[in-house]
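As C-alpha cells, the structure follows; a few thoughts come after it.
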Amino acid sequence: MKLLIINGPNLNLLGLREPDIYGNRSYESLCAFIGDACKAEGIEYKLFQSNHEGAIVDEIQGAYGVFDGIVINPAAYTHTSVAILDALKAVEIPAAEVHLSDINSREEFRRHSYISLAAKITICGKGFEGYKEAILFLKDYLK
Ligand code: DQA
C-alpha cells in the first residue's frame with residue numbers, strides 16, 4: 001500500500017507560524033511523525049509540500065496509477081480551490097483530508113472546505129495525531 005501525503009501552503013513554516021494555533025513543532029518534525037506512523041503500519045509513503053496550487057494539482061494527477069490513497073492538508077487552498085477538488089475527483093484516489101486546527105471553530109471563511117466534497121473523511125483539530133488517524137483510516141478503507 002502506497003500513500004501520498006500532501007501539505008499545502010505555509011505548512012513548511014510550522015513551528016514559526018502562529019504557534020498558538022499550530023503549535024511549536026516544525027514541518028520537519030511533522031514529516032518524521034508521519035514517517036513513523038507509516039513505517040509502523042508497513043505503509044510506503046511519499047511526502048510532498050508546496051505553496052503552489054498548480055504544483056499540488058500536478059502531484060495529484062501524477063499519483064494516478066501510482067498511489068493507493070492520499071492524505072491531504074490543503075491548508076488555505078481548502079477554502080478556495082476548485083482545481084484541487086477537481087484533481088482529486090479526476091484521479092478517484094481515496095483521500096483523507098486533515099487540518100491541524102479546528103477549522104469549524106475559527107473564522108467563518110474556514111468553515112467551508114471544497115476538498116471535503118471529494119474526501120472520504122475530514123479530520124480537524126487533532127494536531128499531528130490527525131495525520132495518524134487519516135493514515136489508519138485509509139489503511140482500513142483500502143483493505
Ligand atoms: C489548516 C487550516 C487552514 O484554514 C489554514 O489556511 C492552514 C492550515 C490546518 O491545518 O489547520 O493553512 O489547514
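The way I read the labels, and the way they are meant: chains A, B, ... in the order of the C-alpha cells, residue 1 as the first residue of every chain, and ligand 1 as the first ligand shown, with later ones counted on from there.
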
> Got a sec: who's within 12 Å of A:Ile56, counting only C-alpha atoms, leaving out chain neighbours fewer than 2 positions off, as JSON, numbers by chain?
Replying inline: {"A": [4, 5, 6, 7, 8, 9, 47, 48, 49, 50, 51, 52, 53, 54, 58, 59, 60, 61, 62, 63, 70, 72, 73, 74, 75, 77, 78, 81, 83, 84, 85, 86, 87, 88]}

>> Give me, as number ranges by chain, the set of residues whose atoms come within 9 Å of any atom of ligand 1, counting only C-alpha atoms and all ligand atoms.
In response: A: 7-11, 21-22, 73-79, 98-103, 106-107, 109-111, 113, 124-125, 127

> Do you know which residues are at most 12 Å from A:Asn24 counting only C-alpha atoms, after dropping those on the same chain fewer than 5 positions away, and could you put them as a list in words?
Replying inline: Leu13, Leu14, Gly15, Leu16, Arg17, Glu18, Pro19, Ser29, Leu30, Gly127 and Phe128 of chain A

Could you write those residues out with N, CA and C atoms, as a PDB file, in the first residue's frame?
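Saved file selection.pdb follows:
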ATOM      1  N   LEU A  13       6.199  26.268   7.297  1.00  0.00           N
ATOM      2  CA  LEU A  13       6.594  27.201   8.361  1.00  0.00           C
ATOM      3  C   LEU A  13       6.064  26.798   9.738  1.00  0.00           C
ATOM      4  N   LEU A  14       5.640  25.552   9.843  1.00  0.00           N
ATOM      5  CA  LEU A  14       5.171  25.081  11.165  1.00  0.00           C
ATOM      6  C   LEU A  14       6.262  25.297  12.209  1.00  0.00           C
ATOM      7  N   GLY A  15       5.843  25.669  13.393  1.00  0.00           N
ATOM      8  CA  GLY A  15       6.808  25.961  14.457  1.00  0.00           C
ATOM      9  C   GLY A  15       6.988  27.463  14.596  1.00  0.00           C
ATOM     10  N   LEU A  16       7.142  28.103  13.422  1.00  0.00           N
ATOM     11  CA  LEU A  16       7.320  29.555  13.365  1.00  0.00           C
ATOM     12  C   LEU A  16       5.962  30.245  13.263  1.00  0.00           C
ATOM     13  N   ARG A  17       5.083  29.591  12.538  1.00  0.00           N
ATOM     14  CA  ARG A  17       3.814  30.158  12.130  1.00  0.00           C
ATOM     15  C   ARG A  17       2.739  30.038  13.220  1.00  0.00           C
ATOM     16  N   GLU A  18       2.212  31.160  13.667  1.00  0.00           N
ATOM     17  CA  GLU A  18       1.083  31.166  14.615  1.00  0.00           C
ATOM     18  C   GLU A  18       1.122  29.973  15.584  1.00  0.00           C
ATOM     19  N   PRO A  19       2.159  29.909  16.434  1.00  0.00           N
ATOM     20  CA  PRO A  19       2.311  28.728  17.297  1.00  0.00           C
ATOM     21  C   PRO A  19       1.142  28.508  18.253  1.00  0.00           C
ATOM     22  N   SER A  29       9.526  17.983  11.889  1.00  0.00           N
ATOM     23  CA  SER A  29       9.059  17.025  12.897  1.00  0.00           C
ATOM     24  C   SER A  29       7.709  16.428  12.495  1.00  0.00           C
ATOM     25  N   LEU A  30       6.893  17.176  11.747  1.00  0.00           N
ATOM     26  CA  LEU A  30       5.655  16.589  11.216  1.00  0.00           C
ATOM     27  C   LEU A  30       6.008  15.461  10.237  1.00  0.00           C
ATOM     28  N   GLY A 127      -4.227  18.194  15.683  1.00  0.00           N
ATOM     29  CA  GLY A 127      -2.778  18.373  15.537  1.00  0.00           C
ATOM     30  C   GLY A 127      -2.154  17.257  14.709  1.00  0.00           C
ATOM     31  N   PHE A 128      -0.907  16.917  15.054  1.00  0.00           N
ATOM     32  CA  PHE A 128      -0.182  15.863  14.310  1.00  0.00           C
ATOM     33  C   PHE A 128      -0.955  14.546  14.318  1.00  0.00           C
TER      34      PHE A 128
END

>> Given only C-alpha atoms as the basis, pick out the residue of A:Pro94, A:Cys38, A:Glu108, A:Ile115 nearest to A:Thr80.
In response: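 Nearest to A:Thr80: A:Ile115.
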
> Given the choices A:Val66, A:Val91, A:Met1, A:Val71, which gets closest to A:Gly42 if the distance is worked out from only C-alpha atoms?
Replying inline: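 For A:Gly42, the nearest of the candidates is A:Met1.
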